[in-house]
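Visitor: This is the structure I want to talk about, given as structure tokens.
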Amino acid sequence: MEKADQSAQQGETSLARLRGVGPQMQRRLAQLGIHSIADLLFHLPLRYQDRSRCVPIAELRPEDEALVEGEVVGSEIVSGRRRSLRVYLEDQGARLLLRFFYFSANQAERLRPGLRLRCFGAVRLGPGYQLEMVHPEYRSLEGPAPLADNLTPIYPTTEGLQQGSWRNLTDQALGWLGQEPEAVTDWLPVEVHADPGLPGLREALMLLHRPPRDTAWEELLAGSHPARQRLVLEELLAHQLSLRRMRKQRQQFAAPPLAGSGALCQRLLAQLPFRLTGAQQRVLGEISGDLQRDQPMLRLLQGDVGSGKTVVAALAALQAVEAEHQVALMAPTELLAEQHLGRLRDWLVPLGVVPAWLTGRHKGQERARVLQAILAGEARVVVGTHALFQAELRFHNLGLVIVDEQHRFGVHQRLQLREKGAVDGRVPHQLIMTATPIPRTLAMSAYADLDLSVIDQRPPGRQPVTTVAVPDSRREEVIARVREACGRGRQAYWVCTLVEESEVLQCQAAEDTAQRLAESLPGLRVGRVHGRLKPAEREAVMAEFVANRLELLVATTVIEVGVDVPNASLMVIENPERLGLAQLHQLRGRVGRGEAASHCVLLFHPPLSEQAKTRLAILRDTDDGFVIAQKDLELRGPGEVLGTRQTGAMQFRIADLGRDQALLARAQRLADEILERFPERAGPLIERWVGRGGDYARV
Ligand code: ADP
Ligand code: MG
């Protein structure tokens with residue numbers, strides 16, 4: 001690659017050397033990150049077509065994409081709703097209909113009975129259950145028509161670039177690779193090729209671009225072909241190396257060592273009405289150790305809903321306070337920030353530490369006073385929302401930032417946090433808490449730049465939430481259950497979901513439902529919270545519910561985050577089929593926080609899709625967030641599970657974390673090996689796969 005890079009500068013591997021590549025084409029290729037002939041070789045096909053053999057028409061199945069040959073036995077122009085040309089093709093007695101909506105008179109004239117044709121297209125089941133191809137590619141078999149030697153690659157592309165151009169470009173690039181085998185360096189240690197046999201880089205590239213016709217192409221598509229595995233492994237390795245490089249770069253920053261006396265922590269522990277679980281103690285030890293170092297901690301604390309992350313955060317905060325540094329605690333919503341504030345007040349005020357509170361609602365003089373207290377260092381612990389911390393806030397000596405995440409923590413946010421970066425050359429320690437567990441293999445690959453702590457144990461005495469799925473025709477029964485639970489002094493949630501994105505409609509639905517439930521449940525005090533209430537109003541309703549002055553809370557999914565009311569033992573979720581597994585699990589985590597046996601009713605609207613059935617069944621069968629996350633990964637794929645789809649980062653070119661999970665551990669081992677034996681190869685590998693301008697490489 002070094003050689004290739006140098007020569008790229010000298011123009012030897014410049015794309016301009018290729019036939020058919022002018023400035024406009026170069027710009028288009030550049031948009032796809034292709035700047036050299038070598039880059040072109042790493043632009044791999046998405047899939048393949050088999051134009052190397054003809055399929056007898058009798059063997060065609062709907063959804064096939066196939067090459068067929070036959071004789072035209074009839075043709076007609078049909079003028080219905082849409083004028084079309086229908087051509088009947090016959091091969092050994094079996095028939096296929098070819099349909100054209102756009103055709104010239106000349107074309108219709110030529111496609112006459114007796115003509116032999118070869119067609120390529122997608123087969124589907126047309127009206128009358130007849131197999132058809134709409135607008136197939138076709139050629140007459142009057143002259144010689146050799147079949148393709150290779151499977152035909154289909155490349156990921158961009159506007160203005162046809163598959164024909166890609167084949168032409170890659171043909172030339174492969175020719176160049178053939179002449180200069182040294183041009184693309186194989187950076188993987190040779191042992192990789194031996195066990196279990198993976199081809200060398202050059203061989204793999206050749207095969208993937210032009211698979212010989214006898215290649216098992218199902219294997220290619222499924223990703224299990226050794227040539228593909230070879231390259232996927234390399235890409236996973238490159239990402240791993242890139243994340244590790246980010247970690248290393250972070251470690252070059254200095255952080256304030258926060259070695260507290262332990263006095264405040266001891267007092268908090270003594271005052272708690274419970275003992276920490278073994279898992280809480282373990283993660284606390286990990287965090288505490290990190291905080292004492294003079295390198296910034298960046299640790300992801302994973303723990304299922306209700307696993308007790310807040311107290312761990314409070315103890316970490318106290319360690320920073322003992323070491324005379326400030327702590328910032330951020331939450332994604334005001335409701336959740338408030339709840340943290342309430343907890344921290346209960347715990348810390350008796351120790352003489354008064355948490356400061358900063359929200360968008362603080363205005364004018366009051367706001368100025370809080371900001372001043374933070375700047376002067378008088379406010380030791382500051383609680384607020386994420387939004388606030390991006391604003392004007394300045395600290396006296398910030399030692400630790402704790403982030404409570406509603407959703408999974410994306411790469412993008414990580415980079416943003418890091419960019420908040422150094423003050424006087426020092427970076428605060430960071431603890432990120434997430435309630436949505438990530439399967440371990442995935443976490444190791446996606447978060448290789450972070451340290452991970454996992455609370456994998458619930459506080460004792462909790463009973464799992466019993467979950468049932470009930471069709472909405474049995475709504476009355478469900479209402480009776482609410483009446484019964486509340487009659488016993490318990491509280492209940494009723495969650496409304498709506499498929500529309502519109503928050504207005506969603507809030508309206510919650511209002512209507514609250515109204516109707518209040519009518520059906522006379523004597524029960526019913527409150528409602530949704531995004532359209534003013535924050536003060538919402539807070540007031542929540543406070544009423546927390547104080548047990550409301551028995552039933554009707555809510556939109558805003559209550560997903562952190563609300564903690566141990567007396568609530570029943571949750572009804574309307575139309576759960578509209579939500580993802582992770583979100584449902586989060587919602588359900590609002591109950592089962594006390595000692596009472598709790599229930600969750602999934603009040604669905606039939607008919608359910610297969611996917612929805614599977615999701616509801618999983619929820620019914622398990623209460624374990626890690627199991628649910630693993631299922632979610634299988635059902636929806638890692639993009640959804642990691643929540644990075646929105647952020648656009650963490651995109652692989654050919655690897656698929658779901659499909660290629662089996663290679664993850666190997667990529668990690670390989671990363672160790674490269675760093676140990678060939679550290680100079682890390683740079684070129686990252687550059688090849690993760691790119692120059694990519695977020696990953698930039699820290
Ligand atoms: P989450 O991890 O979802 O943020 P919380 O921190 O809100 O969980 O904890 C859930 C509830 O469990 C809280 O009421 C908290 O005080 C309580 N809790 C935390 N740790 C323990 C423990 N070790 N034993 C008993 N209760 C605990
Ligand atoms: Mg929490």
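Chain lettering (A, B, ...) mirrors the order of the structure tokens, residue numbering begins at 1 for each chain separately, and ligand numbering begins at 1 in order of display.
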Might you pull out every residue within 8 Å of stretch 85-95 of chain A, with only C-alpha atoms counted and same-chain residues fewer than 3 positions away left off, and present them as a list of chain:residue names?

Guide: A:Pro56, A:Ile57, A:Ala58, A:Glu69, A:Gly70, A:Glu71, A:Val72, A:Val73, A:Gly74, A:Ser75, A:Glu76, A:Ile77, A:Val78, A:Leu98, A:Arg99, A:Phe100, A:Phe101, A:Phe103, A:Ala108, A:Leu111, A:Leu131

Visitor: Selection from above, all heavy atoms, as a short mmCIF file (atom, residue, chain, number, x, y, z; two decimals), in the first residue's frame, can you write it?

Guide:
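Wrote part34.cif, looks like this:
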```cif
data_model
loop_
_atom_site.label_atom_id
_atom_site.label_comp_id
_atom_site.auth_asym_id
_atom_site.auth_seq_id
_atom_site.Cartn_x
_atom_site.Cartn_y
_atom_site.Cartn_z
N PRO A 56 -33.83 -23.99 -18.02
CA PRO A 56 -35.04 -24.38 -18.75
C PRO A 56 -36.25 -23.65 -18.17
O PRO A 56 -36.37 -23.54 -16.95
CB PRO A 56 -35.15 -25.89 -18.51
CG PRO A 56 -33.79 -26.31 -18.07
CD PRO A 56 -33.14 -25.14 -17.41
N ILE A 57 -37.12 -23.17 -19.04
CA ILE A 57 -38.27 -22.39 -18.56
C ILE A 57 -39.09 -23.19 -17.55
O ILE A 57 -39.59 -22.64 -16.58
CB ILE A 57 -39.13 -21.93 -19.76
CG1 ILE A 57 -38.37 -20.81 -20.50
CG2 ILE A 57 -40.50 -21.43 -19.32
CD1 ILE A 57 -39.06 -20.27 -21.73
N ALA A 58 -39.16 -24.49 -17.78
CA ALA A 58 -39.95 -25.33 -16.87
C ALA A 58 -39.40 -25.30 -15.44
O ALA A 58 -40.12 -25.59 -14.49
CB ALA A 58 -39.99 -26.76 -17.39
N GLU A 69 -33.68 -19.40 -22.69
CA GLU A 69 -33.73 -19.36 -24.15
C GLU A 69 -35.01 -20.01 -24.62
O GLU A 69 -35.51 -20.93 -23.98
CB GLU A 69 -32.54 -20.13 -24.75
CG GLU A 69 -31.25 -19.36 -24.68
CD GLU A 69 -30.09 -20.13 -25.30
OE1 GLU A 69 -30.32 -21.22 -25.88
OE2 GLU A 69 -28.97 -19.65 -25.17
N GLY A 70 -35.53 -19.55 -25.74
CA GLY A 70 -36.74 -20.17 -26.26
C GLY A 70 -37.12 -19.55 -27.59
O GLY A 70 -36.43 -18.67 -28.11
N GLU A 71 -38.25 -20.06 -28.08
CA GLU A 71 -38.71 -19.58 -29.37
C GLU A 71 -39.99 -18.77 -29.16
O GLU A 71 -40.85 -19.16 -28.38
CB GLU A 71 -39.00 -20.79 -30.27
CG GLU A 71 -39.39 -20.40 -31.67
CD GLU A 71 -39.63 -21.65 -32.53
OE1 GLU A 71 -38.91 -22.65 -32.36
OE2 GLU A 71 -40.56 -21.60 -33.35
N VAL A 72 -40.06 -17.66 -29.86
CA VAL A 72 -41.27 -16.85 -29.77
C VAL A 72 -42.39 -17.62 -30.47
O VAL A 72 -42.24 -18.03 -31.61
CB VAL A 72 -41.07 -15.47 -30.44
CG1 VAL A 72 -42.39 -14.69 -30.47
CG2 VAL A 72 -39.99 -14.69 -29.71
N VAL A 73 -43.50 -17.87 -29.73
CA VAL A 73 -44.59 -18.61 -30.34
C VAL A 73 -45.82 -17.74 -30.53
O VAL A 73 -46.84 -18.19 -31.05
CB VAL A 73 -44.97 -19.87 -29.51
CG1 VAL A 73 -43.84 -20.88 -29.56
CG2 VAL A 73 -45.29 -19.48 -28.07
N GLY A 74 -45.73 -16.52 -30.08
CA GLY A 74 -46.86 -15.63 -30.28
C GLY A 74 -46.54 -14.27 -29.71
O GLY A 74 -45.67 -14.16 -28.83
N SER A 75 -47.20 -13.24 -30.23
CA SER A 75 -47.01 -11.91 -29.64
C SER A 75 -48.24 -11.07 -29.96
O SER A 75 -48.91 -11.31 -30.96
CB SER A 75 -45.74 -11.26 -30.18
OG SER A 75 -45.93 -10.83 -31.50
N GLU A 76 -48.54 -10.16 -29.07
CA GLU A 76 -49.73 -9.32 -29.31
C GLU A 76 -49.55 -8.00 -28.58
O GLU A 76 -48.85 -7.92 -27.57
CB GLU A 76 -50.99 -10.03 -28.80
CG GLU A 76 -50.87 -10.43 -27.34
CD GLU A 76 -52.06 -11.23 -26.83
OE1 GLU A 76 -53.13 -11.12 -27.44
OE2 GLU A 76 -51.90 -11.96 -25.83
N ILE A 77 -50.20 -7.00 -29.11
CA ILE A 77 -50.23 -5.72 -28.42
C ILE A 77 -51.58 -5.61 -27.74
O ILE A 77 -52.62 -5.78 -28.38
CB ILE A 77 -50.01 -4.56 -29.41
CG1 ILE A 77 -48.57 -4.62 -29.92
CG2 ILE A 77 -50.26 -3.22 -28.72
CD1 ILE A 77 -48.25 -3.62 -30.99
N VAL A 78 -51.56 -5.47 -26.45
CA VAL A 78 -52.79 -5.43 -25.68
C VAL A 78 -53.04 -3.98 -25.28
O VAL A 78 -52.16 -3.33 -24.71
CB VAL A 78 -52.67 -6.30 -24.41
CG1 VAL A 78 -54.00 -6.33 -23.67
CG2 VAL A 78 -52.23 -7.69 -24.78
N LEU A 98 -43.31 -12.61 -21.76
CA LEU A 98 -42.45 -11.42 -21.65
C LEU A 98 -43.36 -10.22 -21.84
O LEU A 98 -44.13 -10.17 -22.80
CB LEU A 98 -41.37 -11.42 -22.74
CG LEU A 98 -40.61 -12.72 -22.96
CD1 LEU A 98 -39.62 -12.55 -24.12
CD2 LEU A 98 -39.88 -13.13 -21.69
N ARG A 99 -43.29 -9.26 -20.93
CA ARG A 99 -44.18 -8.10 -21.05
C ARG A 99 -43.36 -6.82 -21.17
O ARG A 99 -42.40 -6.60 -20.42
CB ARG A 99 -45.08 -8.01 -19.83
CG ARG A 99 -46.18 -9.06 -19.90
CD ARG A 99 -47.42 -8.57 -19.23
NE ARG A 99 -47.25 -8.52 -17.77
CZ ARG A 99 -48.11 -7.90 -16.99
NH1 ARG A 99 -49.14 -7.24 -17.51
NH2 ARG A 99 -47.91 -7.90 -15.69
N PHE A 100 -43.75 -5.99 -22.11
CA PHE A 100 -43.07 -4.71 -22.32
C PHE A 100 -44.11 -3.60 -22.28
O PHE A 100 -45.12 -3.68 -22.97
CB PHE A 100 -42.37 -4.69 -23.69
CG PHE A 100 -41.34 -5.77 -23.85
CD1 PHE A 100 -41.70 -7.04 -24.28
CD2 PHE A 100 -40.00 -5.51 -23.56
CE1 PHE A 100 -40.76 -8.05 -24.43
CE2 PHE A 100 -39.06 -6.52 -23.71
CZ PHE A 100 -39.43 -7.79 -24.14
N PHE A 101 -43.86 -2.60 -21.48
CA PHE A 101 -44.76 -1.44 -21.46
C PHE A 101 -44.23 -0.31 -22.32
O PHE A 101 -44.96 0.54 -22.77
CB PHE A 101 -44.98 -0.96 -20.02
CG PHE A 101 -45.70 -1.98 -19.19
CD1 PHE A 101 -45.01 -2.78 -18.29
CD2 PHE A 101 -47.06 -2.17 -19.36
CE1 PHE A 101 -45.67 -3.73 -17.54
CE2 PHE A 101 -47.73 -3.13 -18.61
CZ PHE A 101 -47.04 -3.90 -17.70
N PHE A 103 -42.19 0.17 -25.71
CA PHE A 103 -41.66 -0.56 -26.87
C PHE A 103 -41.92 0.26 -28.12
O PHE A 103 -42.85 1.07 -28.18
CB PHE A 103 -42.32 -1.94 -26.98
CG PHE A 103 -43.81 -1.89 -27.08
CD1 PHE A 103 -44.45 -1.90 -28.32
CD2 PHE A 103 -44.59 -1.81 -25.94
CE1 PHE A 103 -45.82 -1.84 -28.40
CE2 PHE A 103 -45.97 -1.74 -26.02
CZ PHE A 103 -46.59 -1.76 -27.25
N ALA A 108 -41.79 -4.37 -31.76
CA ALA A 108 -42.96 -5.25 -31.83
C ALA A 108 -42.93 -6.06 -33.13
O ALA A 108 -43.28 -7.24 -33.17
CB ALA A 108 -44.24 -4.42 -31.76
N LEU A 111 -40.20 -8.97 -32.87
CA LEU A 111 -40.45 -10.08 -31.95
C LEU A 111 -41.60 -10.95 -32.47
O LEU A 111 -42.68 -11.00 -31.90
CB LEU A 111 -40.75 -9.55 -30.54
CG LEU A 111 -39.55 -8.91 -29.85
CD1 LEU A 111 -39.96 -8.18 -28.58
CD2 LEU A 111 -38.50 -9.98 -29.52
N LEU A 131 -46.00 -17.45 -15.17
CA LEU A 131 -44.68 -16.89 -14.94
C LEU A 131 -44.37 -15.86 -16.02
O LEU A 131 -44.67 -16.06 -17.19
CB LEU A 131 -43.61 -17.98 -14.97
CG LEU A 131 -43.61 -18.92 -13.76
CD1 LEU A 131 -42.47 -19.92 -13.89
CD2 LEU A 131 -43.50 -18.15 -12.46
#
```

Visitor: At most 9 Å is the cut-off: for each residue in chain A with any atom that close to an atom of ligand 1, write down the nearest atom pair and the distance in Å rounded to one decimal, counting only C-alpha atoms and all ligand atoms, chain first then increasing number, as a tab-separated table.

Guide:
```
residue	atom	partner	partner_atom_place_in_ligand_line	distance
A:Leu272	CA	ligand 1	16 (O)	8.5
A:Pro273	CA	ligand 1	25 (C)	7.7
A:Phe274	CA	ligand 1	24 (N)	4.8
A:Arg275	CA	ligand 1	23 (N)	5.0
A:Leu276	CA	ligand 1	23 (N)	3.7
A:Thr277	CA	ligand 1	23 (N)	4.5
A:Gly278	CA	ligand 1	23 (N)	8.3
A:Ala279	CA	ligand 1	23 (N)	8.9
A:Gln280	CA	ligand 1	23 (N)	7.1
A:Gln302	CA	ligand 1	2 (O)	8.4
A:Gly303	CA	ligand 1	2 (O)	5.7
A:Asp304	CA	ligand 1	2 (O)	6.0
A:Val305	CA	ligand 1	3 (O)	3.5
A:Gly306	CA	ligand 1	3 (O)	3.5
A:Ser307	CA	ligand 1	2 (O)	4.1
A:Gly308	CA	ligand 1	6 (O)	3.4
A:Lys309	CA	ligand 1	2 (O)	3.8
A:Thr310	CA	ligand 1	6 (O)	3.7
A:Val311	CA	ligand 1	6 (O)	5.7
A:Val312	CA	ligand 1	6 (O)	7.7
A:Ala313	CA	ligand 1	6 (O)	8.5
A:His340	CA	ligand 1	7 (O)	8.7
A:Arg343	CA	ligand 1	16 (O)	8.2
A:Asp404	CA	ligand 1	4 (O)	8.6
A:Met433	CA	ligand 1	4 (O)	8.3
A:Thr434	CA	ligand 1	2 (O)	8.3
A:Ala435	CA	ligand 1	3 (O)	6.3
A:Ile455	CA	ligand 1	2 (O)	8.4
A:Arg458	CA	ligand 1	22 (C)	7.6
A:Pro459	CA	ligand 1	24 (N)	4.3
A:Pro460	CA	ligand 1	24 (N)	6.0
A:Gly461	CA	ligand 1	25 (C)	7.8
A:Arg462	CA	ligand 1	25 (C)	8.7
A:Val561	CA	ligand 1	3 (O)	8.9
A:Gly562	CA	ligand 1	4 (O)	6.3
A:Val563	CA	ligand 1	7 (O)	7.7
A:Asp564	CA	ligand 1	7 (O)	6.2
A:Val565	CA	ligand 1	14 (O)	7.8
A:Pro566	CA	ligand 1	14 (O)	6.8
A:Gln586	CA	ligand 1	3 (O)	9.0
A:Gly589	CA	ligand 1	3 (O)	7.6
A:Arg590	CA	ligand 1	3 (O)	8.6
A:Arg593	CA	ligand 1	11 (C)	6.0
A:Gly594	CA	ligand 1	14 (O)	7.7
```

Visitor: Please give the complete set of residues from stretch 211-458 of chain A that DSSP, run on the backbone, assigns to strand (DSSP E), formatted as a VMD selection string.

Guide: chain A and resid 298 to 303 326 to 331 356 to 358 381 to 385 398 to 405 429 to 434 451 to 455

Visitor: So how far away is atom CA of A:Ser14 from atom CA of A:Gln162, in Å?

Guide: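 Between these atoms lies a distance of 21.0 Å.
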
Visitor: When you count only C-alpha atoms and all ligand atoms, which of these residues is closest to ligand 2: A:Val403, A:Val470, A:Ala443, A:Ala122?

Guide: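 Closest to ligand 2, using only C-alpha atoms and all ligand atoms: A:Val403.
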
Visitor: Compare A:Pro464, A:Gly126, A:Gly352, A:Pro439 by their minimum atom-to-atom distance to A:Ser598, counting only C-alpha atoms, and give me the closest one.

Guide: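 Using only C-alpha atoms, the shortest distance to A:Ser598 belongs to A:Pro464.
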
Visitor: Could you jot down the atom CA of A:Glu537 to atom CA of A:Gly489 separation for me, Å, one decimal place?

Guide: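 Taking atom CA of A:Glu537 and atom CA of A:Gly489, their separation equals 24.7 Å.
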
Visitor: What lies within 12 Å of A:Glu235 using only C-alpha atoms, ignoring chain neighbours under 6 positions off, as a PyMOL selection string?

Guide: chain A and resi 42+187-188+228-229+241-242+445+650-657+660+663-664+666-668+670-671+682+684-691

Visitor: Could you check how far atom CA of A:Asp290 sits from atom CA of A:Arg345, in Å to one decimal?

Guide: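 According to the coordinates, atom CA of A:Asp290 and atom CA of A:Arg345 are separated by 25.5 Å.
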
Visitor: Where does DSSP see alpha helix (DSSP H) in stretch 1-136 of chain A, if you list the residues as a list in words?

Guide: Glu2, Lys3, Ala4, Asp5, Gln6, Ser7, Ala8, Gln9, Pro23, Gln24, Met25, Gln26, Arg27, Arg28, Leu29, Ala30, Gln31, Ile37, Ala38, Asp39, Leu40, Leu41, Ala105, Asn106, Gln107, Ala108, Glu109 and Arg110 of chain A

Visitor: Neighbours of stretch 316-319 of chain A within 9 Å (only C-alpha atoms; same-chain residues fewer than 4 positions away dropped), as a VMD selection string?

Guide: chain A and resid 258 to 265 268 284 287 to 288 291 311 to 312 323 to 329 348 353 381 400 to 402 431
